[in-house]
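First comes the structure, then the notes that go with it.
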Amino acid sequence: MTDAGWIILTGVLAATSCALLGTFLVLRKMSLLGDALSHAVLPGIAIAFFLSDSRAILPMFIGAAAFGLLTTLLVEAFHRRWAVPEDASIGIVFTALFALGVVLISVYAGQVDLDQECVLYGEIAYTPFDTLLWDNQEYGPRPVWILSGVLIFNLLFVGLLYKELTLASFDPGLSLSVGVSATLIHYLLMGAVSITTVASFESVGAILVVAMLIVPGASAYLWSDRLPRILGLAVIFGAVSAVVGYYLAGLWNSSIAGAIVVVLGVIFGVSVLVAPRQGLLAKLLQRGRLSIQVAQDHILLGMVRQVETGADQTWRLRDALGLASVHPWMARQAMRLLRRKGLVALEADATVDLTADGRRQGLQLLRGHRLWETYLNQLGLPQDHVHGPADAVEHYLDQSLRQEIGGLVADVGLDPQGKRIPDDSQNH
Amino acid sequence: MTDASRPDGAPQDVEGASRSAGASTGDSINQAADPSTDSPSIQLLPDLDPASIPIRIHDMTIAYHRKPVLWDVDLDVPEGQLVGIVGPNGAGKSTMILAIMNLVPKASGWVRIYGKPYEEMRRIVGYVPQRESVDWDFPISALEVVTMGRFGHVGWIRRPSKQDKQLAHEALEKVGMGEYAHRQISQLSGGQQQRVFLARALAQDAKVYLMDEPFAGVDAATERAIIDILMELRAQGKTILVVHHDLQTVTRYFDWLIMLNMRVVASGPTEEVFNDTTLNKTYGGRLTVLSQAAQAVQDYERGRG
């Protein structure tokens with residue numbers, strides 16, 4: 001495989017391993033703890049390094065997992081036992097341990113082949129040169145082997161314990177009561193996160209690995225409300241960011257890890273904008289649809305009020321559009337929908353008229369409006385206070401709510417202004 | 001300001017009244033008001049075989065951070081009854097439910113489910129936590145939540161079977177939520193969410209149910225639906241413990257009542273134990289002595305720590 005291939009593969013493996021576990025951190029609202037772990041494991045790595053006097057991965061995993069669990073334990077202890085607020089206790093524990101790691105490494109920097117730069121920023125570009133030698137044979141880059149192992153481990157972890165992870169994350173109470181210790185699951189997850197971050201260190205560093213943990217899951221969460229789909233999307237986001245990041249780094253002549261995380265940031269930004277469930281665009285569209293619905297109601301109401309006065313029922317199109325009192329484009333959309341629903345008919349001479357259905361629906365709207373006014377009035381609101389609220393709420397009063405309010409207000413046929421409240425019956 | 005204007009005034013009035021009554025008519029009332037002796041309004045079932053008592057609590061004290069929240073609880077819950085637990089905020093109602101499942105450490109005492117420790121009887125106990133205790137934005141469907149009720153039967157690592165899912169579906173149908181099975185839970189109303197929780201308990205297929213405020217914040221229709229199901233469970237011989245807040249419905253809903261305020265004030269058939277005297281003792285101030293003592297314990301510990 002080419003060097004580029006190895007580097008991309010390393011990035012993809014790191015990003016997907018992180019995304020898989022990170023999604024659960026996001027769901028459990030423990031992103032900050034993931035951040036903390038990725039830093040607090042540093043002394044564990046340093047100690048493992050000194051003791052084993054090598055960069056053998058197993059001692060490092062053990063050291064990292066130990067310090068990961070120690071972090072979790074200390075955070076809990078400070079929070080529960082000594083009433084330190086949880087975020088403060090996370091902040092204290094991880095910075096203290098991280099500092100310890102930095103000191104350890106710098107003190108022994110002369111003797112060992114481990115430097116702060118490497119741990120903090122990583123260097124994925126060196127991956128191809130770090131080959132695994134065994135029996136004088138080269139077996140490809142070491143990080144690829146390690147990260148593949150971690151990815152398989154994480155896949156097994158999430159795959160086998162999916163049921164327990166979801167139960168303990170969603171409802172720790174029930175989880176405990178049926179014998180699935182939410183605490184045990186918590187520590188298992190934190191152990192796995194510690195190992196994953198250590199494996200990713202060499203490539204992306206302690207700082208950027210946080211982004212790989214949190215951003216894919218947080219972005220995927222905006223796109224779906226099904227956990228399996230969120231997990232799948234998070235993994236895809238991770239992989240895509242690694243590939244695109246690599247080529248962008250080439251284009252910009254920049255750090256690869258940095259470019260990967262920039263891509264992740266862009267993915268998140270795009271998700272915030274266009275995600276179907278909670279995206280900004282979706283919310284704008286929804287608001288637009290609502291405005292057009294309100295405009296339709298206003299046109300119907302305006303026309304039906306005219307009918308009530310007994311005046312000429314035919315409207316010039318322009319006047320009818322004016323009833324909506326919104327932007328002309330919106331008013332035209334509203335009119336188009338009214339016509340399509342057969343509530344309004346457009347004549348050849350550019351006049352519009354209510355159909356029988358349109359009149360019926362308009363009267364029901366009017367009934368809702370006036371019932372609400374009456375209801376508020378009987379609650380003690382003065383007459384001049386009731387029109388505004390009724391105008392706002394009339395669009396949401398369906399048949400059953402109208403019926404309920406009809407039952408609540410004392411039996412009157414007139415609203416506070418003395419206008420007749422249309423009957424509930426369909427015709428008028 | 002309210003605190004300052006009546007320093008323990010109201011509580012002592014209640015106690016003072018019963019004291020003087022006790023002095024004039026004999027000492028029975030006086031005894032009932034004394035927390036150190038076994039009050040006759042706590043009915044135990046000493047003659048029954050322990051293996052036939054769904055829940056027996058013996059001399060249990062629970063403390064959080066060394067601050068006692070439940071003192072010296074002795075309790076028997078008879079089989080096949082709908083049992084209410086009432087008491088003011090902070091009376092230890094939820095704590096008692098957690099303690100029955102061994103989820104909070106006990107300072108002393110023990111709990112037996114049909115004569116055995118909870119760990120051996122897990123599968124016959126169903127639990128409904130408070131609705132607010134979970135994150136309803138969690139990305140799962142109503143059916144998935146109900147299927148969680150089967151996890152205790154499924155065991156570690158194994159997947160829920162077709163039959164488990166079938167049972168979950170039936171439970172959802174039973175609470176009238178069948179058509180919402182695949183709805184994401186954040187899209188459900190409060191009442192619907194509570195029904196989902198109830199369905200999950202049904203899916204647990206337990207003999208003893210522990211429910212923490214299943215009626216809190218639900219609409220009238222849901223409340224009726226829930227009570228109907230609880231009564232049906234009772235008709236099947238199941239025992240149901242319900243933490244409850246609405247005193248008006250107590251006599252209609254529950255056969256047996258546990259009145260709690262940091263200790264068991266009364267426990268027995270609802271019509272026997274639910275009266276002004278016990279209500280006063282539960283909601284009146286006399287028991288604030290207990291909370292003052294608890295506070296003193298905590299202050300002492302804090303001062304030393």
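Residues in the structure tokens are named by chain (A, B, ... in the order shown) and by number from 1 within that chain; ligands are numbered from 1 in the order shown.
The protein and nucleic acid residues lying at most 12 Å from range 78-84 of chain A are Leu70, Thr71, Thr72, Leu73, Leu74, Val75, Glu76, Glu86, Asp87, Ala88, Ser89, Ile90, Gly91, Ile92 and Val93 of chain A; Tyr64, His65, Arg66, Glu301, Arg302 and Gly305 of chain B, with only C-alpha atoms considered and sequence neighbours fewer than 2 positions away removed.
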Generate a file of the selected residues that holds N, CA and C atoms, formatted as a JSON list (two decimals), in the first residue's frame.
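Result file is again.json:
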[["chain", "number", "residue", "atom", "x", "y", "z"],
["A", 70, "LEU", "N", -9.12, 5.75, 37.22],
["A", 70, "LEU", "CA", -8.79, 6.59, 38.38],
["A", 70, "LEU", "C", -9.47, 7.95, 38.23],
["A", 71, "THR", "N", -9.40, 8.50, 37.01],
["A", 71, "THR", "CA", -10.06, 9.79, 36.76],
["A", 71, "THR", "C", -11.55, 9.70, 37.06],
["A", 72, "THR", "N", -12.20, 8.69, 36.48],
["A", 72, "THR", "CA", -13.63, 8.52, 36.68],
["A", 72, "THR", "C", -13.96, 8.41, 38.16],
["A", 73, "LEU", "N", -13.14, 7.62, 38.85],
["A", 73, "LEU", "CA", -13.36, 7.38, 40.27],
["A", 73, "LEU", "C", -13.20, 8.66, 41.08],
["A", 74, "LEU", "N", -12.12, 9.40, 40.78],
["A", 74, "LEU", "CA", -11.86, 10.63, 41.52],
["A", 74, "LEU", "C", -12.95, 11.67, 41.27],
["A", 75, "VAL", "N", -13.36, 11.78, 40.00],
["A", 75, "VAL", "CA", -14.42, 12.75, 39.67],
["A", 75, "VAL", "C", -15.67, 12.42, 40.48],
["A", 76, "GLU", "N", -16.05, 11.14, 40.48],
["A", 76, "GLU", "CA", -17.21, 10.70, 41.25],
["A", 76, "GLU", "C", -17.04, 11.01, 42.74],
["A", 86, "GLU", "N", -19.95, 18.76, 39.79],
["A", 86, "GLU", "CA", -19.38, 17.75, 38.91],
["A", 86, "GLU", "C", -18.43, 18.34, 37.87],
["A", 87, "ASP", "N", -18.84, 19.47, 37.23],
["A", 87, "ASP", "CA", -17.97, 20.02, 36.19],
["A", 87, "ASP", "C", -16.65, 20.52, 36.77],
["A", 88, "ALA", "N", -16.75, 21.12, 37.97],
["A", 88, "ALA", "CA", -15.53, 21.58, 38.62],
["A", 88, "ALA", "C", -14.63, 20.39, 38.95],
["A", 89, "SER", "N", -15.25, 19.32, 39.42],
["A", 89, "SER", "CA", -14.46, 18.17, 39.82],
["A", 89, "SER", "C", -13.80, 17.53, 38.59],
["A", 90, "ILE", "N", -14.47, 17.52, 37.45],
["A", 90, "ILE", "CA", -13.84, 17.03, 36.21],
["A", 90, "ILE", "C", -12.66, 17.93, 35.86],
["A", 91, "GLY", "N", -12.91, 19.24, 35.91],
["A", 91, "GLY", "CA", -11.86, 20.19, 35.56],
["A", 91, "GLY", "C", -10.62, 20.05, 36.43],
["A", 92, "ILE", "N", -10.83, 19.84, 37.71],
["A", 92, "ILE", "CA", -9.70, 19.72, 38.64],
["A", 92, "ILE", "C", -8.92, 18.44, 38.37],
["A", 93, "VAL", "N", -9.66, 17.32, 38.31],
["A", 93, "VAL", "CA", -8.99, 16.02, 38.22],
["A", 93, "VAL", "C", -8.18, 15.91, 36.93],
["B", 64, "TYR", "N", -28.44, 9.07, 53.67],
["B", 64, "TYR", "CA", -27.67, 9.58, 52.54],
["B", 64, "TYR", "C", -26.59, 10.49, 53.11],
["B", 65, "HIS", "N", -25.37, 10.27, 52.77],
["B", 65, "HIS", "CA", -24.28, 11.07, 53.32],
["B", 65, "HIS", "C", -24.39, 11.12, 54.83],
["B", 66, "ARG", "N", -24.71, 10.02, 55.41],
["B", 66, "ARG", "CA", -24.85, 9.88, 56.86],
["B", 66, "ARG", "C", -26.07, 10.61, 57.41],
["B", 301, "GLU", "N", -21.39, 15.54, 61.35],
["B", 301, "GLU", "CA", -20.46, 14.88, 60.44],
["B", 301, "GLU", "C", -19.69, 15.90, 59.60],
["B", 302, "ARG", "N", -20.43, 16.91, 59.13],
["B", 302, "ARG", "CA", -19.80, 17.94, 58.30],
["B", 302, "ARG", "C", -18.74, 18.68, 59.09],
["B", 305, "GLY", "N", -15.85, 16.55, 59.32],
["B", 305, "GLY", "CA", -15.16, 16.34, 58.05],
["B", 305, "GLY", "C", -14.59, 17.65, 57.61]]
Got a sec to pull out which chain A residues are within 8 Å of chain B, counting only C-alpha atoms, and send them as a VMD selection string?
chain A and resid 27 81 160 to 164 167 170 to 171 173 to 174 176 to 180 224 to 227
Could you write out that same residue set with C-alpha atoms as a PDB file, in the first residue's frame?
ATOM      1  CA  LEU A  27     -25.990  10.581  24.632  1.00  0.00           C
ATOM      2  CA  ARG A  81     -18.396  12.582  48.774  1.00  0.00           C
ATOM      3  CA  LEU A 160     -22.305  -7.242  22.476  1.00  0.00           C
ATOM      4  CA  LEU A 161     -23.279  -4.759  25.160  1.00  0.00           C
ATOM      5  CA  TYR A 162     -25.633  -2.661  23.011  1.00  0.00           C
ATOM      6  CA  LYS A 163     -28.615  -3.657  25.111  1.00  0.00           C
ATOM      7  CA  GLU A 164     -26.844  -2.953  28.400  1.00  0.00           C
ATOM      8  CA  LEU A 167     -30.495   0.544  29.185  1.00  0.00           C
ATOM      9  CA  PHE A 170     -31.423   5.728  29.272  1.00  0.00           C
ATOM     10  CA  ASP A 171     -32.605   4.512  32.653  1.00  0.00           C
ATOM     11  CA  GLY A 173     -32.637   3.093  37.852  1.00  0.00           C
ATOM     12  CA  LEU A 174     -34.311   0.272  35.967  1.00  0.00           C
ATOM     13  CA  LEU A 176     -29.769  -1.400  38.454  1.00  0.00           C
ATOM     14  CA  SER A 177     -33.060  -2.946  39.502  1.00  0.00           C
ATOM     15  CA  VAL A 178     -32.805  -5.698  36.877  1.00  0.00           C
ATOM     16  CA  GLY A 179     -29.217  -6.415  37.824  1.00  0.00           C
ATOM     17  CA  VAL A 180     -27.366  -4.561  35.062  1.00  0.00           C
ATOM     18  CA  SER A 224     -31.777  10.961  13.302  1.00  0.00           C
ATOM     19  CA  ASP A 225     -33.718   9.854  16.343  1.00  0.00           C
ATOM     20  CA  ARG A 226     -32.837   6.178  16.032  1.00  0.00           C
ATOM     21  CA  LEU A 227     -29.772   5.054  17.919  1.00  0.00           C
TER      22      LEU A 227
END
Among range 153-334 of chain A, which residues does DSSP mark as alpha helix (DSSP H) when it is run on the backbone? Keep the chain and numbering as in the structure and answer as a PyMOL selection string.
chain A and resi 153-160+162-170+172-177+182-223+227-252+256-274+280-309+317-323+328-334
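The coordinates place CA of Ile185 in chain A at 21.5 Å from CA of Arg200 in chain B.
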Calculated over only C-alpha atoms, which of the candidates A:Leu104, A:Ser169, A:Ser200, A:Gln286 has the smallest distance to Thr16 in chain A?
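Among the listed residues, A:Ser200 lies closest to Thr16 in chain A.
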Neighbour list for Glu308 in chain A as a ChimeraX atom specification, cut-off 10 Å, only C-alpha atoms, skip fewer than 3 positions in-chain
/A:303-305,311,313,363,419-420,422
Selection export as an mmCIF file, in the first residue's frame, atoms kept: N, CA, C and O atoms:
data_model
loop_
_atom_site.group_PDB
_atom_site.id
_atom_site.type_symbol
_atom_site.label_atom_id
_atom_site.label_comp_id
_atom_site.auth_asym_id
_atom_site.auth_seq_id
_atom_site.Cartn_x
_atom_site.Cartn_y
_atom_site.Cartn_z
ATOM 1 N N MET A 303 -62.917 36.800 4.303
ATOM 2 C CA MET A 303 -64.008 36.647 3.339
ATOM 3 C C MET A 303 -65.306 36.265 4.033
ATOM 4 O O MET A 303 -66.389 36.728 3.668
ATOM 5 N N VAL A 304 -65.200 35.441 5.049
ATOM 6 C CA VAL A 304 -66.423 34.979 5.700
ATOM 7 C C VAL A 304 -67.042 36.099 6.555
ATOM 8 O O VAL A 304 -68.258 36.190 6.710
ATOM 9 N N ARG A 305 -66.199 36.997 7.043
ATOM 10 C CA ARG A 305 -66.728 38.141 7.806
ATOM 11 C C ARG A 305 -67.546 39.054 6.888
ATOM 12 O O ARG A 305 -68.562 39.607 7.277
ATOM 13 N N ALA A 311 -72.674 41.849 2.564
ATOM 14 C CA ALA A 311 -72.208 42.613 1.405
ATOM 15 C C ALA A 311 -71.894 41.680 0.230
ATOM 16 O O ALA A 311 -71.971 40.453 0.363
ATOM 17 N N GLN A 313 -70.311 39.259 -2.186
ATOM 18 C CA GLN A 313 -69.406 38.201 -1.779
ATOM 19 C C GLN A 313 -68.207 38.052 -2.684
ATOM 20 O O GLN A 313 -67.306 37.291 -2.393
ATOM 21 N N LEU A 363 -66.310 29.684 8.653
ATOM 22 C CA LEU A 363 -67.205 29.885 9.795
ATOM 23 C C LEU A 363 -66.693 29.168 11.043
ATOM 24 O O LEU A 363 -66.818 29.678 12.158
ATOM 25 N N LYS A 419 -71.070 40.153 18.518
ATOM 26 C CA LYS A 419 -71.219 39.498 17.218
ATOM 27 C C LYS A 419 -71.623 38.047 17.438
ATOM 28 O O LYS A 419 -71.242 37.413 18.426
ATOM 29 N N ARG A 420 -72.368 37.539 16.443
ATOM 30 C CA ARG A 420 -72.889 36.193 16.586
ATOM 31 C C ARG A 420 -71.763 35.156 16.465
ATOM 32 O O ARG A 420 -70.906 35.253 15.586
ATOM 33 N N PRO A 422 -70.763 31.727 15.200
ATOM 34 C CA PRO A 422 -71.345 30.739 14.278
ATOM 35 C C PRO A 422 -71.589 29.411 14.975
ATOM 36 O O PRO A 422 -70.862 29.036 15.904
#
When you count only C-alpha atoms, which of these residues is closest to Lys93 in chain B: B:Val242, B:Ile53, B:Ile227, B:Leu44?
B:Val242
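Proximity ranking of A:Gln361, A:Ser241, A:Thr127, A:Thr351 relative to Phe201 in chain A places A:Thr127 first, based on only C-alpha atoms.
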Just want the 7 Å neighbourhood of Ser194 in chain A, counted on only C-alpha atoms, with same-chain residues fewer than 6 positions away dropped. Output as a PyMOL selection string.
chain A and resi 37-38+41+64-65+68
Leaving out range 42-54 of chain A and any residue of its chain fewer than 2 positions from it, which residues lie within 6 Å of it when counting only C-alpha atoms, given as a list in words?
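The residues satisfying every condition are His39, Ala40, Ala56, Pro59, Met60, Gly63, Ala64, Phe67, Phe98 and Gly101 of chain A.
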From range 128-292 of chain B, collect each residue whose DSSP state is strand (DSSP E) and return the set as a ChimeraX atom specification.
/B:128,208-212,239-243,256-260,264-269
I'd like the interatomic distance between CA of Arg336 in chain A and CA of His369 in chain A, to a tenth of an Å.
23.9 Å
Give me the residues near Leu300 in chain A as a PyMOL selection string, where near means some atom within 9 Å (using only C-alpha atoms) and where sequence neighbours in that chain fewer than 3 positions away do not count.
chain A and resi 295-297+303-305+323-324+338+343-344+354+358-359+361-363+365
Would you mind reading off the distance between CA of Met212 in chain A and CA of Ala168 in chain A, one decimal, in Å?
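Between these atoms lies a distance of 23.4 Å.
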Exercise: Arg332 in chain A partners within 12 Å, only C-alpha atoms, chain neighbours under 6 positions left out, as a list in words:
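Once the adjacent positions are removed, what remains is Ile292, Gln293, Ala295, Gln296, Ile299, Leu317, Arg318, Asp319, Ala320, Leu321, Gly322, Leu323, Ala324, Ser325, Val326, Leu338 and Arg339 of chain A.
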Write out, as a PDB file, in the first residue's frame, the residues just selected, with C-alpha atoms.
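Written output follows (again-v4.pdb):
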ATOM      1  CA  ILE A 292     -48.748  30.238   4.957  1.00  0.00           C
ATOM      2  CA  GLN A 293     -51.285  28.247   6.963  1.00  0.00           C
ATOM      3  CA  ALA A 295     -52.334  33.404   5.871  1.00  0.00           C
ATOM      4  CA  GLN A 296     -54.894  30.948   4.495  1.00  0.00           C
ATOM      5  CA  ILE A 299     -58.048  35.034   3.935  1.00  0.00           C
ATOM      6  CA  LEU A 317     -58.045  38.886  -6.259  1.00  0.00           C
ATOM      7  CA  ARG A 318     -55.762  41.669  -5.088  1.00  0.00           C
ATOM      8  CA  ASP A 319     -58.050  42.613  -2.197  1.00  0.00           C
ATOM      9  CA  ALA A 320     -58.408  39.006  -1.162  1.00  0.00           C
ATOM     10  CA  LEU A 321     -54.643  38.588  -1.111  1.00  0.00           C
ATOM     11  CA  GLY A 322     -54.452  41.705   1.056  1.00  0.00           C
ATOM     12  CA  LEU A 323     -56.564  39.965   3.704  1.00  0.00           C
ATOM     13  CA  ALA A 324     -53.622  37.722   4.528  1.00  0.00           C
ATOM     14  CA  SER A 325     -51.572  40.764   5.583  1.00  0.00           C
ATOM     15  CA  VAL A 326     -48.294  39.007   4.851  1.00  0.00           C
ATOM     16  CA  LEU A 338     -56.852  27.433  -0.828  1.00  0.00           C
ATOM     17  CA  ARG A 339     -57.780  26.955  -4.467  1.00  0.00           C
TER      18      ARG A 339
END
Proximity to Ala220 in chain B - best of B:Gly92, B:Pro105, B:Ala181, B:Gly190, only C-alpha atoms:
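Smallest separation from Ala220 in chain B among the options: B:Gly190.
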